[in-house]
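Q: Here you go, this is start_24.cif (mmCIF, C-alpha atoms and all ligand atoms).
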```
data_query
#
loop_
_atom_site.group_PDB
_atom_site.id
_atom_site.type_symbol
_atom_site.label_atom_id
_atom_site.label_comp_id
_atom_site.auth_asym_id
_atom_site.auth_seq_id
_atom_site.Cartn_x
_atom_site.Cartn_y
_atom_site.Cartn_z
ATOM 1 C CA MET A 669 110.139 99.008 105.152
ATOM 2 C CA LEU A 670 109.161 95.649 106.702
ATOM 3 C CA GLN A 671 107.555 92.925 104.619
ATOM 4 C CA VAL A 672 106.300 89.839 106.387
ATOM 5 C CA LYS A 673 105.119 87.146 103.995
ATOM 6 C CA GLY A 674 103.343 83.934 104.884
ATOM 7 C CA ILE A 675 105.051 83.434 108.250
ATOM 8 C CA THR A 676 104.231 80.125 109.896
ATOM 9 C CA LYS A 677 105.610 79.057 113.271
ATOM 10 C CA LYS A 678 104.768 75.778 114.971
ATOM 11 C CA PHE A 679 105.465 74.663 118.535
ATOM 12 C CA GLY A 680 105.161 70.888 118.609
ATOM 13 C CA GLY A 681 102.253 70.274 116.292
ATOM 14 C CA VAL A 682 100.489 73.522 117.112
ATOM 15 C CA ALA A 683 100.672 76.501 114.760
ATOM 16 C CA ALA A 684 101.237 79.654 116.813
ATOM 17 C CA LEU A 685 101.353 81.539 113.493
ATOM 18 C CA ASN A 686 99.584 80.392 110.382
ATOM 19 C CA SER A 687 100.814 82.071 107.199
ATOM 20 C CA VAL A 688 100.700 85.648 108.504
ATOM 21 C CA SER A 689 101.501 88.462 106.063
ATOM 22 C CA PHE A 690 101.643 92.245 106.420
ATOM 23 C CA ASP A 691 103.730 95.216 105.340
ATOM 24 C CA VAL A 692 104.796 98.193 107.415
ATOM 25 C CA GLY A 693 105.706 101.411 105.627
ATOM 26 C CA LYS A 694 108.502 103.739 106.697
ATOM 27 C CA GLY A 695 107.236 106.224 109.291
ATOM 28 C CA GLU A 696 104.117 104.264 110.215
ATOM 29 C CA VAL A 697 102.811 103.191 113.592
ATOM 30 C CA PHE A 698 101.377 99.750 112.900
ATOM 31 C CA ALA A 699 99.460 98.165 115.771
ATOM 32 C CA ILE A 700 98.711 94.505 116.436
ATOM 33 C CA ILE A 701 95.877 93.409 118.681
ATOM 34 C CA GLY A 702 94.333 90.043 119.498
ATOM 35 C CA PRO A 703 93.340 87.856 122.445
ATOM 36 C CA ASN A 704 96.014 86.283 124.676
ATOM 37 C CA GLY A 705 97.682 83.367 122.928
ATOM 38 C CA SER A 706 96.832 84.620 119.438
ATOM 39 C CA GLY A 707 100.496 84.712 118.368
ATOM 40 C CA LYS A 708 101.448 88.390 118.748
ATOM 41 C CA THR A 709 104.612 87.901 120.799
ATOM 42 C CA THR A 710 105.613 84.928 118.656
ATOM 43 C CA LEU A 711 105.407 87.201 115.628
ATOM 44 C CA PHE A 712 107.811 89.652 117.298
ATOM 45 C CA ASN A 713 110.109 86.776 118.221
ATOM 46 C CA VAL A 714 110.214 85.658 114.603
ATOM 47 C CA VAL A 715 110.824 89.177 113.234
ATOM 48 C CA ALA A 716 113.554 89.862 115.820
ATOM 49 C CA GLY A 717 115.295 86.534 115.185
ATOM 50 C CA PHE A 718 114.493 84.820 118.507
ATOM 51 C CA HIS A 719 112.552 82.088 116.684
ATOM 52 C CA LYS A 720 113.195 80.738 113.214
ATOM 53 C CA PRO A 721 109.953 80.509 111.199
ATOM 54 C CA ASP A 722 108.824 77.176 109.736
ATOM 55 C CA GLY A 723 107.728 78.964 106.593
ATOM 56 C CA GLY A 724 107.533 82.384 105.023
ATOM 57 C CA SER A 725 109.947 85.283 104.733
ATOM 58 C CA ILE A 726 110.769 88.642 106.288
ATOM 59 C CA SER A 727 112.445 91.480 104.516
ATOM 60 C CA PHE A 728 113.631 94.731 106.069
ATOM 61 C CA GLU A 729 114.669 97.722 103.969
ATOM 62 C CA GLY A 730 114.930 95.428 100.978
ATOM 63 C CA LYS A 731 117.148 92.814 102.691
ATOM 64 C CA ASP A 732 115.952 89.287 103.343
ATOM 65 C CA ILE A 733 116.474 88.874 107.105
ATOM 66 C CA THR A 734 114.587 85.580 107.492
ATOM 67 C CA GLY A 735 116.231 83.378 110.105
ATOM 68 C CA TRP A 736 118.911 85.921 111.087
ATOM 69 C CA GLN A 737 120.232 85.755 114.647
ATOM 70 C CA PRO A 738 118.929 88.436 117.061
ATOM 71 C CA PHE A 739 122.193 90.419 117.211
ATOM 72 C CA ARG A 740 122.295 90.629 113.429
ATOM 73 C CA VAL A 741 118.673 91.769 113.247
ATOM 74 C CA ALA A 742 119.498 94.404 115.884
ATOM 75 C CA GLN A 743 122.499 95.600 113.906
ATOM 76 C CA ALA A 744 120.323 95.859 110.812
ATOM 77 C CA GLY A 745 118.247 98.472 112.691
ATOM 78 C CA ILE A 746 115.422 96.632 114.475
ATOM 79 C CA ALA A 747 114.941 96.761 118.255
ATOM 80 C CA ARG A 748 112.282 95.137 120.404
ATOM 81 C CA SER A 749 110.983 95.583 123.914
ATOM 82 C CA PHE A 750 109.808 92.636 125.988
ATOM 83 C CA GLN A 751 106.277 92.112 127.287
ATOM 84 C CA ASN A 752 107.739 91.046 130.626
ATOM 85 C CA THR A 753 110.352 93.673 131.427
ATOM 86 C CA ARG A 754 113.824 92.213 131.868
ATOM 87 C CA PRO A 755 116.188 94.719 133.446
ATOM 88 C CA PHE A 756 119.431 93.676 135.137
ATOM 89 C CA PRO A 757 117.929 94.193 138.614
ATOM 90 C CA ASP A 758 121.080 95.222 140.479
ATOM 91 C CA LEU A 759 122.422 97.582 137.838
ATOM 92 C CA THR A 760 121.372 101.206 137.889
ATOM 93 C CA THR A 761 118.750 102.378 135.448
ATOM 94 C CA LEU A 762 121.403 104.261 133.492
ATOM 95 C CA ASP A 763 123.730 101.258 133.292
ATOM 96 C CA ASN A 764 120.877 99.097 131.988
ATOM 97 C CA VAL A 765 120.487 101.566 129.135
ATOM 98 C CA VAL A 766 124.262 101.725 128.573
ATOM 99 C CA VAL A 767 124.185 97.947 128.019
ATOM 100 C CA GLY A 768 121.615 98.511 125.256
ATOM 101 C CA ALA A 769 123.628 101.367 123.762
ATOM 102 C CA LEU A 770 126.745 99.191 123.603
ATOM 103 C CA THR A 771 125.219 97.070 120.835
ATOM 104 C CA ARG A 772 125.618 100.079 118.545
ATOM 105 C CA HIS A 773 128.354 102.187 120.188
ATOM 106 C CA ARG A 774 131.521 100.218 120.901
ATOM 107 C CA ASN A 775 133.058 103.106 122.766
ATOM 108 C CA ILE A 776 131.855 103.235 126.395
ATOM 109 C CA ARG A 777 131.799 107.037 126.517
ATOM 110 C CA GLU A 778 129.677 107.253 123.409
ATOM 111 C CA ALA A 779 127.368 104.553 124.791
ATOM 112 C CA ARG A 780 127.025 106.466 128.040
ATOM 113 C CA SER A 781 126.209 109.709 126.300
ATOM 114 C CA LYS A 782 123.650 107.946 124.082
ATOM 115 C CA ALA A 783 122.145 106.350 127.213
ATOM 116 C CA GLU A 784 121.860 109.727 128.933
ATOM 117 C CA GLU A 785 120.123 111.195 125.912
ATOM 118 C CA VAL A 786 117.689 108.263 125.823
ATOM 119 C CA MET A 787 116.976 108.531 129.564
ATOM 120 C CA ALA A 788 115.896 112.128 129.043
ATOM 121 C CA THR A 789 113.752 111.159 126.042
ATOM 122 C CA VAL A 790 111.749 108.599 128.021
ATOM 123 C CA GLY A 791 111.561 110.746 131.158
ATOM 124 C CA LEU A 792 113.860 108.610 133.321
ATOM 125 C CA GLY A 793 116.555 111.202 133.898
ATOM 126 C CA GLY A 794 115.679 111.521 137.574
ATOM 127 C CA ALA A 795 115.982 107.766 138.162
ATOM 128 C CA ALA A 796 119.403 107.305 136.530
ATOM 129 C CA GLY A 797 121.188 106.197 139.699
ATOM 130 C CA MET A 798 118.415 103.995 141.049
ATOM 131 C CA GLN A 799 118.800 100.213 140.914
ATOM 132 C CA ALA A 800 116.426 98.840 138.300
ATOM 133 C CA LYS A 801 114.758 96.511 140.792
ATOM 134 C CA ASN A 802 113.509 99.509 142.783
ATOM 135 C CA LEU A 803 111.721 101.217 139.904
ATOM 136 C CA SER A 804 107.939 101.650 139.791
ATOM 137 C CA ILE A 805 106.042 99.684 137.137
ATOM 138 C CA GLN A 806 105.715 102.797 135.020
ATOM 139 C CA ASP A 807 109.455 103.468 135.167
ATOM 140 C CA ARG A 808 110.230 99.810 134.387
ATOM 141 C CA LYS A 809 108.098 100.164 131.293
ATOM 142 C CA ARG A 810 109.990 103.323 130.362
ATOM 143 C CA LEU A 811 113.295 101.527 130.970
ATOM 144 C CA GLU A 812 112.215 98.691 128.677
ATOM 145 C CA VAL A 813 111.636 101.231 125.892
ATOM 146 C CA ALA A 814 114.875 103.074 126.737
ATOM 147 C CA LYS A 815 116.945 99.887 126.388
ATOM 148 C CA ALA A 816 115.449 99.280 122.956
ATOM 149 C CA ILE A 817 115.864 102.810 121.594
ATOM 150 C CA ALA A 818 119.435 103.030 122.908
ATOM 151 C CA THR A 819 120.359 100.855 119.922
ATOM 152 C CA SER A 820 119.159 103.668 117.596
ATOM 153 C CA PRO A 821 116.695 101.466 115.696
ATOM 154 C CA ARG A 822 114.852 102.542 112.585
ATOM 155 C CA LEU A 823 112.135 99.989 113.378
ATOM 156 C CA LEU A 824 110.984 99.631 116.984
ATOM 157 C CA LEU A 825 108.862 96.679 118.143
ATOM 158 C CA LEU A 826 106.971 97.374 121.380
ATOM 159 C CA ASP A 827 105.298 94.406 123.092
ATOM 160 C CA GLU A 828 102.479 95.665 125.336
ATOM 161 C CA PRO A 829 104.441 98.679 126.583
ATOM 162 C CA MET A 830 101.412 99.998 128.477
ATOM 163 C CA ALA A 831 100.266 96.801 130.183
ATOM 164 C CA GLY A 832 100.023 97.381 133.929
ATOM 165 C CA LEU A 833 99.927 101.169 133.715
ATOM 166 C CA THR A 834 97.106 103.104 135.342
ATOM 167 C CA GLY A 835 94.670 105.154 133.297
ATOM 168 C CA GLU A 836 96.480 108.330 134.314
ATOM 169 C CA GLU A 837 99.878 107.015 133.206
ATOM 170 C CA ILE A 838 98.751 106.002 129.729
ATOM 171 C CA PRO A 839 98.526 109.424 128.003
ATOM 172 C CA ASP A 840 102.171 110.094 128.932
ATOM 173 C CA PHE A 841 103.225 106.844 127.341
ATOM 174 C CA VAL A 842 101.120 107.536 124.276
ATOM 175 C CA SER A 843 102.873 110.852 123.809
ATOM 176 C CA LEU A 844 106.260 109.151 124.228
ATOM 177 C CA ILE A 845 105.395 106.765 121.391
ATOM 178 C CA LYS A 846 104.252 109.713 119.270
ATOM 179 C CA ARG A 847 107.523 111.537 119.920
ATOM 180 C CA LEU A 848 109.602 108.492 118.979
ATOM 181 C CA ASN A 849 107.600 108.136 115.777
ATOM 182 C CA GLU A 850 107.993 111.838 114.967
ATOM 183 C CA SER A 851 111.739 111.564 115.557
ATOM 184 C CA GLY A 852 111.825 109.121 112.633
ATOM 185 C CA MET A 853 111.228 105.657 114.094
ATOM 186 C CA THR A 854 108.789 103.313 112.452
ATOM 187 C CA ILE A 855 106.848 101.488 115.162
ATOM 188 C CA LEU A 856 105.216 98.083 115.431
ATOM 189 C CA LEU A 857 103.050 98.098 118.541
ATOM 190 C CA ILE A 858 101.343 95.194 120.299
ATOM 191 C CA GLU A 859 98.839 96.726 122.684
ATOM 192 C CA HIS A 860 95.619 95.908 124.496
ATOM 193 C CA VAL A 861 94.955 99.503 125.495
ATOM 194 C CA LEU A 862 92.536 100.480 122.735
ATOM 195 C CA TYR A 863 92.596 104.165 123.690
ATOM 196 C CA ALA A 864 96.320 104.178 122.955
ATOM 197 C CA ILE A 865 95.811 102.495 119.601
ATOM 198 C CA THR A 866 93.203 104.971 118.456
ATOM 199 C CA LYS A 867 95.578 107.802 119.442
ATOM 200 C CA VAL A 868 98.779 106.572 117.760
ATOM 201 C CA ALA A 869 98.176 103.821 115.217
ATOM 202 C CA ASP A 870 98.010 104.564 111.500
ATOM 203 C CA ARG A 871 96.941 100.992 110.790
ATOM 204 C CA LEU A 872 95.873 98.032 112.837
ATOM 205 C CA MET A 873 96.090 94.267 112.350
ATOM 206 C CA VAL A 874 93.989 91.818 114.343
ATOM 207 C CA MET A 875 95.281 88.340 115.233
ATOM 208 C CA ASP A 876 93.201 85.415 116.386
ATOM 209 C CA ASN A 877 94.520 81.944 117.085
ATOM 210 C CA GLY A 878 97.610 82.348 114.903
ATOM 211 C CA ASN A 879 95.690 83.826 111.986
ATOM 212 C CA LYS A 880 95.463 87.344 110.696
ATOM 213 C CA LEU A 881 91.796 88.225 111.054
ATOM 214 C CA ALA A 882 91.667 91.767 109.715
ATOM 215 C CA GLU A 883 93.744 94.808 108.849
ATOM 216 C CA GLY A 884 92.831 98.442 108.298
ATOM 217 C CA ALA A 885 92.368 101.857 109.843
ATOM 218 C CA PRO A 886 91.710 101.642 113.616
ATOM 219 C CA GLY A 887 88.269 103.235 113.309
ATOM 220 C CA ASP A 888 87.122 100.696 110.711
ATOM 221 C CA ILE A 889 88.613 97.674 112.434
ATOM 222 C CA MET A 890 87.033 98.369 115.784
ATOM 223 C CA ASN A 891 83.596 98.208 114.180
ATOM 224 C CA ASP A 892 84.364 94.943 112.349
ATOM 225 C CA SER A 893 82.036 92.188 113.573
ATOM 226 C CA ARG A 894 84.712 89.464 113.257
ATOM 227 C CA VAL A 895 86.987 91.479 115.507
ATOM 228 C CA LEU A 896 84.309 92.048 118.090
ATOM 229 C CA LYS A 897 83.558 88.328 118.055
ATOM 230 C CA ALA A 898 87.206 87.404 118.678
ATOM 231 C CA TYR A 899 87.181 89.678 121.715
ATOM 232 C CA ILE A 900 83.792 88.571 122.960
ATOM 233 C CA GLY A 901 85.018 84.975 122.603
ATOM 234 C CA GLU A 902 87.877 85.820 124.932
ATOM 235 C CA ASP A 903 85.574 87.368 127.525
ATOM 236 C CA ASP A 904 83.397 84.230 127.548
ATOM 237 C CA ALA A 905 86.459 82.117 128.192
HETATM 238 N N1 LIG A 1001 108.462 79.152 123.263
HETATM 239 C C1 LIG A 1001 107.251 78.566 123.132
HETATM 240 N N2 LIG A 1001 107.113 77.229 123.226
HETATM 241 C C2 LIG A 1001 105.906 76.628 123.071
HETATM 242 N N3 LIG A 1001 104.768 77.299 122.825
HETATM 243 C C3 LIG A 1001 104.834 78.639 122.718
HETATM 244 C C4 LIG A 1001 106.078 79.355 122.870
HETATM 245 N N4 LIG A 1001 105.837 80.674 122.701
HETATM 246 C C5 LIG A 1001 104.509 80.794 122.476
HETATM 247 N N5 LIG A 1001 103.907 79.573 122.484
HETATM 248 C C6 LIG A 1001 102.481 79.326 122.234
HETATM 249 O O1 LIG A 1001 102.120 80.005 121.043
HETATM 250 C C7 LIG A 1001 100.842 80.591 121.166
HETATM 251 C C8 LIG A 1001 100.920 82.083 120.941
HETATM 252 O O2 LIG A 1001 101.570 82.678 122.056
HETATM 253 P P1 LIG A 1001 102.006 84.202 122.069
HETATM 254 O O3 LIG A 1001 102.691 84.509 120.806
HETATM 255 O O4 LIG A 1001 102.753 84.436 123.322
HETATM 256 O O5 LIG A 1001 100.596 84.938 122.115
HETATM 257 P P2 LIG A 1001 100.213 86.443 122.496
HETATM 258 O O6 LIG A 1001 101.451 87.243 122.579
HETATM 259 O O7 LIG A 1001 99.286 86.864 121.403
HETATM 260 O O8 LIG A 1001 99.500 86.362 123.808
HETATM 261 C C9 LIG A 1001 100.306 80.203 122.534
HETATM 262 O O9 LIG A 1001 99.523 79.047 122.385
HETATM 263 C C10 LIG A 1001 101.576 79.912 123.304
HETATM 264 O O10 LIG A 1001 101.333 78.991 124.325
HETATM 265 MG MG MG A 1002 102.251 88.371 124.107
#
```
Would you kindly transcribe this structure into structure tokens?

A:
Amino acid sequence: MLQVKGITKKFGGVAALNSVSFDVGKGEVFAIIGPNGSGKTTLFNVVAGFHKPDGGSISFEGKDITGWQPFRVAQAGIARSFQNTRPFPDLTTLDNVVVGALTRHRNIREARSKAEEVMATVGLGGAAGMQAKNLSIQDRKRLEVAKAIATSPRLLLLDEPMAGLTGEEIPDFVSLIKRLNESGMTILLIEHVLYAITKVADRLMVMDNGNKLAEGAPGDIMNDSRVLKAYIGEDDA
């Protein structure tokens, strides 16, 4: 479904991504882990069209989408959530989701009905009328996902959707991701919460310093000595 080939992205002279390649199959949950600064968010920004790569190519459902603008990538069927949630703070939760839905549904009534459906899916129905700035962290995280899925994507990119959640809140979020996947969305998931990855990911890719370090089944990868070293390196720092 998604083929990323040899993507390189430099900021100044520094390579945030160094010839990174991977494929995601339709229906998969593909997770990406790696220490802070290893290039995970940059990879999402390149796939979603927020950054143009300096090299390499991206194809989605057989179309070359390399260098496309974000709105065009979104219309092709890819949505992304942001690591730092970005709601319109003074709008209600529902209206934030309507804004997302409007990228696909031109008609405001259709957008509103899509938004209501999405609010129920993510468990935000009760907070529809609340201003986004007053939401709890957990509900902000749900809203971030709701905005993305309101565009009816076939491929959903989630950037650390569970960061900041408590241990008790995580299983709920894991089951939300499972439900979205079962409803037909292919999911690319950046996540530090390893419990969540072992529960939902079909495959896992490890990034370190702009390079792809390893890829495989979560159980195998977590016992890989290179992976452990990348994480231990981070702890030392
Ligand atoms: N817009 C940008 N301008 C300059 N440097 C950036 C920008 N975005 C990311 N970087 C740098 O690229 C590297 C990878 O960052 P990032 O992709 O955010 O890592 P991660 O998401 O894995 O923590 C870091 O060194 C970061 O400082
Ligand atoms: Mg990041």

Q: Neighbours of A:Gln743 within 9 Å (only C-alpha atoms; same-chain residues fewer than 3 positions away dropped), as a list of chain:residue names?

A: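 The filter keeps A:Pro738, A:Phe739, A:Arg740, A:Ile746, A:Ala747, A:Thr771, A:Arg772, A:Thr819, A:Pro821.
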
Q: Using atom CA of A:Lys673 and atom CA of A:Ser687 as the two end points, give the distance in Å to one decimal.

A: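 Straight-line distance from atom CA of A:Lys673 to atom CA of A:Ser687 works out to 7.4 Å.
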
Q: May I have the residues within 9 Å of ligand LIG 1001 (chain A), computed using all atoms listed in the file, as number ranges by chain?

A: A: 677-680, 682-685, 701-713, 719, 751, 827-828, 858, 875-878

Q: From the set A:Ala869, A:Ala779, A:Leu826, A:Val697, which residue has the shortest atom-to-atom contact distance to A:Met669, counting all atoms listed in the file?

A: A:Val697

Q: Using all atoms listed in the file, list the residues that have an atom at most 9 Å from (115.6, 96.3, 136.3), coordinates as in the file, as a PDB file with C-alpha atoms, in the coordinates of the input.

A:
```
ATOM      1  CA  THR A 753     110.352  93.673 131.427  1.00  0.00           C
ATOM      2  CA  ARG A 754     113.824  92.213 131.868  1.00  0.00           C
ATOM      3  CA  PRO A 755     116.188  94.719 133.446  1.00  0.00           C
ATOM      4  CA  PHE A 756     119.431  93.676 135.137  1.00  0.00           C
ATOM      5  CA  PRO A 757     117.929  94.193 138.614  1.00  0.00           C
ATOM      6  CA  ASP A 758     121.080  95.222 140.479  1.00  0.00           C
ATOM      7  CA  LEU A 759     122.422  97.582 137.838  1.00  0.00           C
ATOM      8  CA  THR A 760     121.372 101.206 137.889  1.00  0.00           C
ATOM      9  CA  THR A 761     118.750 102.378 135.448  1.00  0.00           C
ATOM     10  CA  ASN A 764     120.877  99.097 131.988  1.00  0.00           C
ATOM     11  CA  GLN A 799     118.800 100.213 140.914  1.00  0.00           C
ATOM     12  CA  ALA A 800     116.426  98.840 138.300  1.00  0.00           C
ATOM     13  CA  LYS A 801     114.758  96.511 140.792  1.00  0.00           C
ATOM     14  CA  ASN A 802     113.509  99.509 142.783  1.00  0.00           C
ATOM     15  CA  LEU A 803     111.721 101.217 139.904  1.00  0.00           C
ATOM     16  CA  ARG A 808     110.230  99.810 134.387  1.00  0.00           C
ATOM     17  CA  LEU A 811     113.295 101.527 130.970  1.00  0.00           C
ATOM     18  CA  GLU A 812     112.215  98.691 128.677  1.00  0.00           C
TER      19      GLU A 812
END
```

Q: Pick the closest to A:Phe698 from A:Leu856, A:Leu862, A:Asn879, A:Gly887: which is it, counting all atoms listed in the file?

A: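 Once distances to A:Phe698 are computed over all atoms listed in the file, the minimum belongs to A:Leu856.
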
Q: Find the spatial neighbours of A:Phe690, counting only C-alpha atoms, within a cut-off of 9 Å - ignore same-chain residues fewer than 4 positions away - and output them as a short mmCIF file (atom, residue, chain, number, x, y, z; two decimals) with C-alpha atoms, in the coordinates of the input.

A:
```
data_model
loop_
_atom_site.label_atom_id
_atom_site.label_comp_id
_atom_site.auth_asym_id
_atom_site.auth_seq_id
_atom_site.Cartn_x
_atom_site.Cartn_y
_atom_site.Cartn_z
CA LEU A 670 109.16 95.65 106.70
CA GLN A 671 107.56 92.92 104.62
CA VAL A 672 106.30 89.84 106.39
CA LYS A 673 105.12 87.15 104.00
CA GLY A 674 103.34 83.93 104.88
CA MET A 873 96.09 94.27 112.35
CA LYS A 880 95.46 87.34 110.70
CA GLU A 883 93.74 94.81 108.85
#
```

Q: Using only C-alpha atoms, which of the listed residues (A:Lys720, A:Lys897, A:His860, A:Arg847) sits closest to A:Pro829?

A: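 Among the listed residues, A:His860 lies closest to A:Pro829.
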
Q: Decode the PyMOL selection byres (((chain A and resi 890) around 12) and not hetatm) for the given file into explicit residues and return them as a list in words.

A: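 With the PyMOL selection byres (((chain A and resi 890) around 12) and not hetatm) on this model, the match is Ile701, Gly702, Leu862, Tyr863, Ile865, Thr866, Arg871, Leu872, Met873, Val874, Ala882, Glu883, Gly884, Ala885, Pro886, Gly887, Asp888, Ile889, Asn891, Asp892, Ser893, Arg894, Val895, Leu896, Lys897, Ala898 and Tyr899 of chain A.
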
Q: Hey, what comes out of the PyMOL selection byres (((chain A and resi 727) around 12) and not hetatm) on this file? Could you write it as a PyMOL selection string?

A: chain A and resi 669-675+689-692+714-716+724-726+728-736+741+744+746
